[in-house]
$ cat run.txt   # compact mmCIF, C-alpha atoms
# COMPACT_ATOMS: atom_id res chain seq x y z
CA MET C 1 13.29 12.22 9.16
CA PHE C 2 12.21 15.38 11.01
CA GLU C 3 14.29 17.53 8.66
CA LYS C 4 12.43 15.98 5.73
CA ILE C 5 9.09 16.61 7.43
CA ALA C 6 10.02 20.22 8.20
CA ASP C 7 11.15 20.89 4.64
CA ALA C 8 8.22 19.11 2.97
CA PHE C 9 5.52 20.85 5.00
CA ARG C 10 7.34 24.15 5.64
CA ILE C 11 7.30 23.72 9.42
CA PRO C 12 9.85 26.11 11.00
CA GLY C 13 12.81 24.17 12.34
CA HIS C 14 12.55 25.33 15.96
CA LEU C 15 9.09 23.75 16.25
CA LEU C 16 10.68 20.33 15.73
CA GLY C 17 13.84 20.93 17.73
CA LEU C 18 15.91 21.65 14.60
CA ALA C 19 18.12 24.51 13.49
CA ARG C 20 16.61 27.15 11.22
CA ARG C 21 15.91 25.54 7.86
CA PRO C 22 17.64 26.98 4.73
CA TRP C 23 14.33 28.19 3.28
CA GLU C 24 13.33 30.15 6.43
CA PRO C 25 13.71 33.94 6.19
CA GLN C 26 16.51 35.61 8.08
CA VAL C 27 15.54 36.49 11.64
CA VAL C 28 15.51 40.22 12.41
CA GLU C 29 15.96 40.94 16.10
CA PRO C 30 12.98 43.00 17.30
CA GLN C 31 13.49 46.20 19.20
CA TYR C 32 12.70 46.10 22.90
CA GLN C 33 9.07 46.76 23.72
CA GLU C 34 7.77 47.22 27.21
CA THR C 35 4.54 45.41 26.37
CA GLY C 36 6.37 42.07 26.14
CA PRO C 37 5.41 39.01 24.05
CA VAL C 38 1.86 37.95 23.45
CA PRO C 39 1.02 34.93 25.68
CA GLY C 40 0.79 31.78 23.61
CA GLY C 41 2.08 33.47 20.44
CA GLU C 42 4.71 30.85 19.66
CA GLY C 43 2.34 28.05 20.65
CA LEU C 44 -0.35 29.38 18.32
CA ALA C 45 2.21 29.49 15.51
CA ALA C 46 3.08 25.84 16.16
CA VAL C 47 -0.57 24.77 16.16
CA GLU C 48 -1.21 26.63 12.91
CA ALA C 49 1.91 25.18 11.26
CA PHE C 50 0.92 21.61 12.10
CA ARG C 51 -2.71 22.28 11.19
CA ASN C 52 -1.80 23.63 7.74
CA ALA C 53 0.52 20.71 7.06
CA ASP C 54 -2.18 18.25 8.12
CA ARG C 55 -4.71 19.82 5.75
CA ARG C 56 -2.38 19.46 2.79
CA ALA C 57 -0.90 16.03 3.40
CA GLY C 58 -2.89 14.14 6.06
CA GLY C 59 -1.82 13.32 9.59
CA GLY C 60 -0.33 9.87 9.11
CA ARG C 61 3.26 11.08 9.00
CA LEU C 62 2.90 14.13 11.24
CA TYR C 63 1.84 12.30 14.41
CA THR C 64 5.40 11.67 15.62
CA ALA C 65 6.39 15.26 14.94
CA VAL C 66 3.47 16.61 17.00
CA THR C 67 4.08 14.28 19.94
CA GLN C 68 7.79 15.10 19.91
CA HIS C 69 6.96 18.82 19.98
CA LEU C 70 4.61 18.23 22.90
CA GLY C 71 7.25 16.36 24.86
CA SER C 72 10.20 18.60 24.17
CA HIS C 73 8.69 22.09 23.92
CA VAL C 74 5.33 22.12 25.72
CA ALA C 75 5.54 19.66 28.62
CA PRO C 76 8.51 21.38 30.36
CA ARG C 77 6.62 24.69 30.32
CA LEU C 78 3.59 23.15 32.03
CA VAL C 79 5.60 22.92 35.24
CA GLY C 80 7.86 25.91 34.62
CA VAL C 81 7.64 29.10 36.67
CA SER C 82 6.92 31.16 33.55
CA GLY C 83 3.95 29.05 32.48
CA GLY C 84 0.34 30.11 32.60
CA PRO C 85 -3.14 29.12 31.45
CA HIS C 86 -2.16 29.60 27.81
CA VAL C 87 0.43 26.80 28.13
CA PHE C 88 -2.29 24.37 29.25
CA ALA C 89 -4.47 25.53 26.34
CA GLU C 90 -1.57 24.94 23.96
CA ALA C 91 -1.00 21.48 25.42
CA ALA C 92 -4.72 20.67 25.12
CA ALA C 93 -4.93 21.86 21.51
CA LEU C 94 -1.83 19.93 20.42
CA THR C 95 -2.89 16.81 22.33
CA GLU C 96 -6.27 16.95 20.59
CA MET C 97 -4.43 17.40 17.28
CA ALA C 98 -2.29 14.34 18.07
CA GLY C 99 -5.55 12.44 18.62
CA TRP C 100 -6.84 13.43 15.19
CA MET C 101 -3.54 12.44 13.60
CA ALA C 102 -3.68 9.07 15.36
CA HIS C 103 -7.24 8.68 14.04
CA ASP C 104 -6.01 9.60 10.57
CA SER C 105 -3.34 6.92 10.97
CA GLY C 106 -5.98 4.29 11.68
CA ASN C 107 -5.27 3.99 15.42
CA ASP C 108 -8.56 4.95 17.07
CA ASP C 109 -7.65 3.53 20.50
CA LEU C 110 -4.64 5.83 20.65
CA ALA C 111 -6.76 8.72 19.39
CA GLY C 112 -9.24 8.17 22.22
CA ARG C 113 -6.46 8.27 24.80
CA HIS C 114 -5.22 11.58 23.42
CA PHE C 115 -8.70 13.10 23.54
CA ALA C 116 -9.12 11.85 27.13
CA ARG C 117 -5.88 13.59 28.12
CA ALA C 118 -6.67 16.79 26.24
CA LEU C 119 -9.99 17.44 27.99
CA PRO C 120 -8.66 18.02 31.56
CA LEU C 121 -5.83 20.17 30.16
CA ALA C 122 -8.43 22.39 28.51
CA HIS C 123 -10.41 22.62 31.76
CA VAL C 124 -7.29 23.63 33.70
CA SER C 125 -6.57 26.34 31.12
CA GLY C 126 -10.02 27.81 31.74
CA ASP C 127 -10.80 27.70 28.00
CA LEU C 128 -14.26 26.12 28.07
CA PRO C 129 -14.87 26.41 24.30
CA LEU C 130 -11.67 24.41 23.79
CA ALA C 131 -12.96 21.76 26.21
CA ALA C 132 -16.26 21.62 24.31
CA ASN C 133 -14.35 21.34 21.04
CA ILE C 134 -12.48 18.31 22.38
CA ALA C 135 -15.80 16.76 23.42
CA ALA C 136 -16.96 17.16 19.81
CA SER C 137 -13.82 15.31 18.67
CA SER C 138 -14.64 12.48 21.09
CA SER C 139 -18.16 12.39 19.65
CA HIS C 140 -16.78 11.98 16.14
CA LEU C 141 -14.47 9.18 17.26
CA ALA C 142 -17.29 7.32 19.03
CA LEU C 143 -19.41 7.54 15.89
CA GLN C 144 -16.57 6.17 13.75
CA SER C 145 -16.28 3.30 16.24
CA GLY C 146 -19.95 2.43 15.78
CA ASP C 147 -21.22 3.74 19.13
CA PRO C 148 -23.91 6.37 18.44
CA ALA C 149 -24.97 6.44 22.11
CA ALA C 150 -21.47 7.48 23.21
CA ALA C 151 -21.32 9.93 20.30
CA ALA C 152 -24.55 11.58 21.47
CA HIS C 153 -23.25 11.67 25.04
CA TRP C 154 -20.08 13.51 24.03
CA ALA C 155 -21.95 15.98 21.83
CA ARG C 156 -24.34 16.81 24.68
CA THR C 157 -21.38 17.10 27.07
CA GLY C 158 -19.86 19.68 24.74
CA LEU C 159 -23.12 21.61 24.57
CA ASP C 160 -23.34 21.60 28.37
CA ILE C 161 -19.76 22.91 28.68
CA VAL C 162 -20.13 25.67 26.12
CA GLY C 163 -23.45 26.67 27.61
CA ARG C 164 -21.52 28.28 30.50
CA THR C 165 -19.44 30.55 28.27
CA PRO C 166 -19.72 32.89 25.26
CA ARG C 167 -20.67 30.68 22.34
CA PRO C 168 -18.64 30.71 19.10
CA ALA C 169 -21.06 30.09 16.25
CA SER C 170 -18.83 27.56 14.51
CA LEU C 171 -18.40 25.51 17.68
CA MET C 172 -22.14 25.44 18.38
CA ALA C 173 -22.74 24.36 14.78
CA ARG C 174 -20.18 21.57 15.11
CA LEU C 175 -21.69 20.25 18.34
CA HIS C 176 -25.25 20.27 16.98
CA ALA C 177 -24.04 18.60 13.77
CA MET C 178 -22.29 15.86 15.75
CA LEU C 179 -25.42 15.29 17.82
CA ALA C 180 -27.47 15.14 14.61
CA ARG C 181 -25.13 12.51 13.17
CA ALA C 182 -25.32 10.42 16.34
CA LEU C 183 -29.12 10.58 16.40
CA ALA C 184 -29.34 9.74 12.69
CA ALA C 185 -27.06 6.73 13.19
CA ALA C 186 -29.40 5.58 15.95
CA GLY C 187 -32.41 5.95 13.65
CA ARG C 188 -33.95 8.88 15.53
CA ARG C 189 -35.18 10.85 12.54
CA GLU C 190 -37.03 13.85 14.00
CA PRO C 191 -34.48 14.76 16.72
CA ALA C 192 -31.68 14.42 14.17
CA VAL C 193 -33.37 16.82 11.76
CA ARG C 194 -33.95 19.33 14.57
CA GLU C 195 -30.29 19.24 15.59
CA LEU C 196 -29.21 19.66 11.98
CA GLU C 197 -31.46 22.71 11.66
CA LYS C 198 -29.86 24.17 14.79
CA ALA C 199 -26.42 23.61 13.27
CA HIS C 200 -27.41 25.55 10.14
CA ASP C 201 -28.86 28.35 12.26
CA ASP C 202 -25.69 28.55 14.33
CA ILE C 203 -23.14 28.56 11.52
CA GLU C 204 -24.32 31.97 10.33
CA ALA C 205 -25.20 33.45 13.73
CA PRO C 206 -23.23 36.48 15.00
CA THR C 207 -21.85 35.25 18.32
CA ALA C 208 -18.60 35.20 20.28
CA PRO C 209 -15.37 35.12 18.19
CA HIS C 210 -13.81 31.80 17.25
CA GLY C 211 -11.07 30.99 19.78
CA PRO C 212 -7.53 30.67 18.41
CA TRP C 213 -7.06 27.14 19.79
CA LEU C 214 -10.24 25.70 18.28
CA SER C 215 -10.08 23.51 15.20
CA PRO C 216 -11.96 25.15 12.31
CA PHE C 217 -15.53 24.22 11.43
CA ASP C 218 -17.04 26.10 8.50
CA VAL C 219 -19.90 25.99 6.00
CA ALA C 220 -18.13 23.34 3.93
CA ALA C 221 -17.62 21.11 6.97
CA LEU C 222 -21.28 21.47 7.92
CA ALA C 223 -22.36 20.60 4.37
CA GLY C 224 -20.33 17.39 4.59
CA GLU C 225 -21.82 16.45 7.96
CA ALA C 226 -25.35 17.29 6.75
CA ALA C 227 -24.89 15.02 3.73
CA MET C 228 -24.04 12.09 6.00
CA VAL C 229 -26.91 12.83 8.40
CA LEU C 230 -29.45 12.90 5.58
CA ARG C 231 -27.92 9.84 3.91
CA ASP C 232 -28.28 7.87 7.15
CA LEU C 233 -31.91 9.03 7.36
CA GLY C 234 -32.57 7.83 3.81
CA GLN C 235 -33.21 11.35 2.47
CA TYR C 236 -30.92 10.82 -0.50
CA ASP C 237 -31.97 13.76 -2.69
CA ALA C 238 -31.35 16.27 0.10
CA ALA C 239 -28.14 14.46 1.04
CA LEU C 240 -26.95 14.75 -2.56
CA ARG C 241 -27.41 18.52 -2.60
CA HIS C 242 -25.32 18.94 0.55
CA ALA C 243 -22.63 16.54 -0.69
CA GLU C 244 -22.31 18.39 -4.00
CA ARG C 245 -22.02 21.69 -2.15
CA ALA C 246 -19.34 20.27 0.16
CA VAL C 247 -17.27 19.12 -2.82
CA VAL C 248 -17.48 22.54 -4.49
CA LEU C 249 -16.50 24.34 -1.29
CA ARG C 250 -13.56 21.98 -0.65
CA GLU C 251 -12.02 22.05 -4.13
CA GLU C 252 -9.22 24.36 -3.01
CA GLY C 253 -6.53 23.63 -0.44
CA ARG C 254 -7.75 20.62 1.58
CA VAL C 255 -6.87 17.37 -0.12
CA ARG C 256 -8.11 15.01 2.60
CA SER C 257 -11.39 16.84 3.22
CA LEU C 258 -12.08 16.93 -0.51
CA ALA C 259 -11.43 13.18 -0.82
CA LEU C 260 -13.77 12.41 2.08
CA CYS C 261 -16.50 14.64 0.60
CA ARG C 262 -16.16 12.91 -2.77
CA ILE C 263 -16.40 9.49 -1.14
CA THR C 264 -19.66 10.60 0.52
CA LEU C 265 -20.94 11.92 -2.81
CA VAL C 266 -20.25 8.64 -4.64
CA ASP C 267 -21.80 6.67 -1.77
CA ILE C 268 -25.00 8.72 -1.96
CA HIS C 269 -25.25 8.13 -5.73
CA VAL C 270 -24.90 4.38 -5.08
CA HIS C 271 -27.68 4.56 -2.47
CA ARG C 272 -29.86 6.31 -5.10
CA ASN C 273 -28.91 3.52 -7.54
CA ASP C 274 -27.67 6.15 -10.01
CA LEU C 275 -24.59 4.23 -11.06
CA ASP C 276 -23.61 6.47 -13.98
CA ALA C 277 -23.54 9.48 -11.66
CA ALA C 278 -21.60 7.47 -9.09
CA LEU C 279 -18.96 6.54 -11.66
CA HIS C 280 -18.74 10.11 -12.96
CA ALA C 281 -18.12 11.41 -9.43
CA GLY C 282 -15.85 8.45 -8.69
CA ARG C 283 -13.45 9.32 -11.51
CA HIS C 284 -12.35 12.35 -9.53
CA LEU C 285 -11.42 10.04 -6.65
CA LEU C 286 -8.93 8.27 -8.90
CA ALA C 287 -7.01 11.55 -9.15
CA THR C 288 -6.64 11.93 -5.37
CA ASP C 289 -2.97 12.28 -4.48
CA PRO C 290 -1.88 8.67 -3.81
CA ALA C 291 0.69 9.92 -1.29
CA LEU C 292 -1.97 11.50 0.93
CA ALA C 293 -0.96 10.19 4.36
CA SER C 294 -4.43 9.28 5.59
CA VAL C 295 -5.31 5.73 6.53
CA ARG C 296 -8.82 7.01 7.23
CA VAL C 297 -9.24 7.95 3.55
CA PHE C 298 -7.71 4.62 2.51
CA HIS C 299 -10.21 2.67 4.63
CA GLN C 300 -13.19 4.68 3.36
CA LEU C 301 -12.08 4.07 -0.21
CA ARG C 302 -11.86 0.36 0.61
CA ASP C 303 -15.42 0.39 2.01
CA LEU C 304 -16.67 2.28 -1.06
CA ARG C 305 -15.13 -0.36 -3.31
CA ARG C 306 -17.02 -3.06 -1.42
CA ARG C 307 -20.30 -1.27 -2.07
CA LEU C 308 -19.48 -0.87 -5.75
CA GLU C 309 -18.56 -4.55 -5.96
CA THR C 310 -22.22 -5.39 -5.32
CA LYS C 311 -23.04 -3.56 -8.59
CA ARG C 312 -20.45 -5.44 -10.63
CA ALA C 313 -23.08 -6.82 -13.00
CA TYR C 314 -23.12 -3.39 -14.66
CA SER C 315 -20.16 -3.42 -17.08
CA PRO C 316 -19.12 0.24 -16.55
CA VAL C 317 -18.76 -0.54 -12.85
CA ARG C 318 -16.44 -3.45 -13.67
CA ASP C 319 -14.30 -1.16 -15.83
CA TYR C 320 -14.19 1.47 -13.10
CA LEU C 321 -13.16 -1.08 -10.47
CA ASP C 322 -10.21 -2.11 -12.63
CA HIS C 323 -8.96 1.50 -12.65
CA PHE C 324 -9.80 1.81 -8.96
CA ASP C 325 -7.70 -1.24 -8.10
CA GLU C 326 -4.76 0.09 -10.10
CA ALA C 327 -4.88 3.38 -8.17
CA ARG C 328 -5.28 1.43 -4.94
CA ARG C 329 -2.12 -0.58 -5.58
CA THR C 330 -0.18 2.65 -6.08
CA ARG C 331 -1.64 4.07 -2.89
CA MET C 332 -0.69 0.96 -0.90
CA LEU C 333 2.85 1.14 -2.25
CA LEU C 334 3.31 4.78 -1.25
CA LEU C 335 1.65 4.34 2.15
CA ALA C 336 3.34 1.07 3.09
CA ASP C 337 5.05 2.75 6.06
CA ILE C 338 1.75 3.70 7.72
CA ILE C 339 -0.67 1.00 6.50
CA THR C 340 0.07 -2.26 8.29
CA PRO C 341 -0.70 -5.52 6.48
CA SER C 342 -2.92 -6.71 9.36
CA ARG C 343 -5.34 -3.84 8.78
CA GLU C 344 -5.84 -4.66 5.13
CA GLY C 345 -9.11 -6.51 4.73
CA THR C 346 -10.29 -5.79 8.27
CA PRO C 347 -14.08 -5.27 8.37
$ encode --input "run.txt" --output "C-alpha cells"
Amino acid sequence: MFEKIADAFRIPGHLLGLARRPWEPQVVEPQYQETGPVPGGEGLAAVEAFRNADRRAGGGRLYTAVTQHLGSHVAPRLVGVSGGPHVFAEAAALTEMAGWMAHDSGNDDLAGRHFARALPLAHVSGDLPLAANIAASSSHLALQSGDPAAAAHWARTGLDIVGRTPRPASLMARLHAMLARALAAAGRREPAVRELEKAHDDIEAPTAPHGPWLSPFDVAALAGEAAMVLRDLGQYDAALRHAERAVVLREEGRVRSLALCRITLVDIHVHRNDLDAALHAGRHLLATDPALASVRVFHQLRDLRRRLETKRAYSPVRDYLDHFDEARRTRMLLLADIITPSREGTP
C-alpha cells in the first residue's frame, strides 16, 4: 500500500521507510563540506512532499503514511543525542498535518487530538509562529464543529503568541481571518468586518519572512475565507465577488481547494436566490475528480445538495440534481474505503 502511495504521489521512498523508487533519480554522493547539513533539511523535504501530495489528492489516504513517518523517522530523533529544536518543529508541523488529514478524512475528534499534541511540540522548538499557526488550525476545527466561541478563543490565542515574535504577514492574515469567521458565525457583524479588514491589510504587508514549517496562506485562501465571512453576515453581493476571485485564483494545482471554493460560490448564489447562476457554477462541481480523497469535500457537497433540494420546484434544479446524484454515486464507489456507511446521512 505504501509503495502505491509513494508512486502515485511521487513521495521519495525513504520518507515512507521504503527503498528508492524506480522513478527517483540516481543519488550522487556529495563531496565533503565542512559546513555540514542544513538542520531540518530532510524534515522540510518530507513536509513539502506530503503537503504537495495532499494538495493534489486530498488527505484521506495520506493520513496513515504521515503517522507512520512520524513514528518511524521523527519520534526516535526527538530523544536522540543528535536532535535539536528543528526536530521538535518538524514533529509539530507533521503532527499538525496529520490533524488536517484526519479532518479531511471526516474524523474531527482525532484531528483535535493531533492539534493538541502539536502545540506543545511547537513551543518546545521555540518556533512561536508555528505554535500560532497550530492555534489557527484549532480555530478552524472548532468552527467546523459549530463552536464559534472556541474558534474565537483559538484565533486570539494565536494572535497573542505571534505578538511576541516577528510577524509573518500571511500568518497574521490567517489569524485575523479565522477570528473574523468566528465572530461572523456568532452574529457579531462589526467586529467581524474589522477583523476581515485587518486580514486584508496584513496579507500584503511587508513583514517577517514566512517560516518554512508554516502551512501556506495566500491571497486565494483569504478570498475564500472572506467569502464565507460575508456570506454569514448576509452581505451576499460582496461575498460573491470574493468567492469568484477565490475560484479564479485556485483554478491551477489545488483540486480540493478549488472544489471547496466552488461549493461556497454555488451556496452564495443559492442564498441570493439566483438559481440559474447557481446551476451554472454547479456544473463545474460535477467535473471534480471523483477520486479526490476528501471526506470533507464529500460532506460539503452533501450539504449543498440538501440546500438545492429545497429549490426542487424549479425544473432545471431537478435536472441538475439528477446529474449530481449520478456523480455522487461514482464518488461514493471510489471513496468506499474512507467513507464509512454510518457517516452517510449524518446531519
$ closest_residue --input "run.txt" --among "C:Val87, C:Ala65, C:Ala205, C:Leu240" --to "Leu265 (chain C)" --atoms "all atoms listed in the file"
C:Leu240
$ closest_atom_pairs --input "run.txt" --of "region 160-200 of chain C" --to "region 126-146 of chain C" --cutoff "9 Å" --atoms "only C-alpha atoms" --output "tab-separated table"
residue	atom	partner	partner_atom	distance
C:Asp160	CA	C:Ala132	CA	8.2
C:Ile161	CA	C:Ala132	CA	5.7
C:Val162	CA	C:Pro129	CA	5.6
C:Arg164	CA	C:Leu128	CA	8.0
C:Thr165	CA	C:Leu128	CA	6.8
C:Pro166	CA	C:Pro129	CA	8.2
C:Arg167	CA	C:Pro129	CA	7.5
C:Pro168	CA	C:Pro129	CA	7.7
C:Leu171	CA	C:Asn133	CA	6.7
C:Arg174	CA	C:Ala136	CA	7.2
C:Leu175	CA	C:Ala136	CA	5.8
C:Met178	CA	C:Ser139	CA	6.7
C:Leu179	CA	C:Ser139	CA	8.0
C:Arg181	CA	C:Leu143	CA	8.1
C:Ala182	CA	C:Leu143	CA	6.6
C:Ala185	CA	C:Leu143	CA	8.2
$ closest_residue --input "run.txt" --among "C:Met228, C:Ala186, C:Val47, C:Ala281" --to "Leu214 (chain C)" --atoms "only C-alpha atoms"
C:Val47
$ residues_near_point --input "run.txt" --point "(-24.8, 23.0, 12.4)" --cutoff "10 Å" --atoms "only C-alpha atoms" --output "PyMOL selection string"
chain C and resi 169-180+195-204+217-219+221-223+225-226
$ atom_distance --input "run.txt" --atom1 "CA of Leu292 (chain C)" --atom2 "CA of Ala57 (chain C)"
5.3 Å
$ build_atoms --input "run.txt" --residues "region 78-96 of chain C" --atoms "N, CA, C and O atoms" --output "mmCIF file, in the coordinates of the input"
data_model
loop_
_atom_site.group_PDB
_atom_site.id
_atom_site.type_symbol
_atom_site.label_atom_id
_atom_site.label_comp_id
_atom_site.auth_asym_id
_atom_site.auth_seq_id
_atom_site.Cartn_x
_atom_site.Cartn_y
_atom_site.Cartn_z
ATOM 1 N N LEU C 78 4.764 23.350 31.177
ATOM 2 C CA LEU C 78 3.590 23.150 32.030
ATOM 3 C C LEU C 78 3.943 23.247 33.506
ATOM 4 O O LEU C 78 3.113 23.647 34.328
ATOM 5 N N VAL C 79 5.178 22.872 33.842
ATOM 6 C CA VAL C 79 5.600 22.920 35.240
ATOM 7 C C VAL C 79 6.617 24.026 35.491
ATOM 8 O O VAL C 79 7.139 24.156 36.597
ATOM 9 N N GLY C 80 6.900 24.828 34.463
ATOM 10 C CA GLY C 80 7.860 25.910 34.620
ATOM 11 C C GLY C 80 7.261 27.107 35.336
ATOM 12 O O GLY C 80 6.033 27.314 35.356
ATOM 13 N N VAL C 81 8.117 27.932 35.907
ATOM 14 C CA VAL C 81 7.640 29.100 36.670
ATOM 15 C C VAL C 81 7.063 30.164 35.761
ATOM 16 O O VAL C 81 6.307 31.033 36.214
ATOM 17 N N SER C 82 7.417 30.136 34.470
ATOM 18 C CA SER C 82 6.920 31.160 33.550
ATOM 19 C C SER C 82 5.668 30.719 32.808
ATOM 20 O O SER C 82 5.189 31.425 31.926
ATOM 21 N N GLY C 83 5.144 29.545 33.151
ATOM 22 C CA GLY C 83 3.950 29.050 32.480
ATOM 23 C C GLY C 83 2.700 29.788 32.922
ATOM 24 O O GLY C 83 2.716 30.630 33.813
ATOM 25 N N GLY C 84 1.622 29.489 32.274
ATOM 26 C CA GLY C 84 0.340 30.110 32.600
ATOM 27 C C GLY C 84 -0.776 29.341 31.946
ATOM 28 O O GLY C 84 -0.545 28.295 31.319
ATOM 29 N N PRO C 85 -2.012 29.839 32.047
ATOM 30 C CA PRO C 85 -3.140 29.120 31.450
ATOM 31 C C PRO C 85 -2.972 28.847 29.961
ATOM 32 O O PRO C 85 -3.416 27.816 29.461
ATOM 33 N N HIS C 86 -2.300 29.790 29.250
ATOM 34 C CA HIS C 86 -2.160 29.600 27.810
ATOM 35 C C HIS C 86 -1.306 28.372 27.484
ATOM 36 O O HIS C 86 -1.489 27.750 26.432
ATOM 37 N N VAL C 87 -0.393 27.991 28.378
ATOM 38 C CA VAL C 87 0.430 26.800 28.130
ATOM 39 C C VAL C 87 -0.445 25.543 28.207
ATOM 40 O O VAL C 87 -0.301 24.607 27.412
ATOM 41 N N PHE C 88 -1.377 25.513 29.158
ATOM 42 C CA PHE C 88 -2.290 24.370 29.250
ATOM 43 C C PHE C 88 -3.216 24.327 28.039
ATOM 44 O O PHE C 88 -3.548 23.242 27.548
ATOM 45 N N ALA C 89 -3.642 25.502 27.550
ATOM 46 C CA ALA C 89 -4.470 25.530 26.340
ATOM 47 C C ALA C 89 -3.685 25.020 25.144
ATOM 48 O O ALA C 89 -4.209 24.259 24.315
ATOM 49 N N GLU C 90 -2.426 25.432 25.048
ATOM 50 C CA GLU C 90 -1.570 24.940 23.960
ATOM 51 C C GLU C 90 -1.407 23.432 24.040
ATOM 52 O O GLU C 90 -1.509 22.722 23.032
ATOM 53 N N ALA C 91 -1.158 22.920 25.251
ATOM 54 C CA ALA C 91 -1.000 21.480 25.420
ATOM 55 C C ALA C 91 -2.282 20.743 25.055
ATOM 56 O O ALA C 91 -2.253 19.683 24.414
ATOM 57 N N ALA C 92 -3.434 21.310 25.437
ATOM 58 C CA ALA C 92 -4.720 20.670 25.120
ATOM 59 C C ALA C 92 -4.948 20.643 23.622
ATOM 60 O O ALA C 92 -5.355 19.615 23.052
ATOM 61 N N ALA C 93 -4.688 21.785 22.952
ATOM 62 C CA ALA C 93 -4.930 21.860 21.510
ATOM 63 C C ALA C 93 -4.027 20.902 20.742
ATOM 64 O O ALA C 93 -4.469 20.215 19.810
ATOM 65 N N LEU C 94 -2.751 20.824 21.120
ATOM 66 C CA LEU C 94 -1.830 19.930 20.420
ATOM 67 C C LEU C 94 -2.099 18.465 20.749
ATOM 68 O O LEU C 94 -1.911 17.584 19.900
ATOM 69 N N THR C 95 -2.537 18.187 21.978
ATOM 70 C CA THR C 95 -2.890 16.810 22.330
ATOM 71 C C THR C 95 -4.129 16.366 21.562
ATOM 72 O O THR C 95 -4.203 15.226 21.084
ATOM 73 N N GLU C 96 -5.103 17.265 21.424
ATOM 74 C CA GLU C 96 -6.270 16.950 20.590
ATOM 75 C C GLU C 96 -5.832 16.717 19.141
ATOM 76 O O GLU C 96 -6.289 15.775 18.482
#
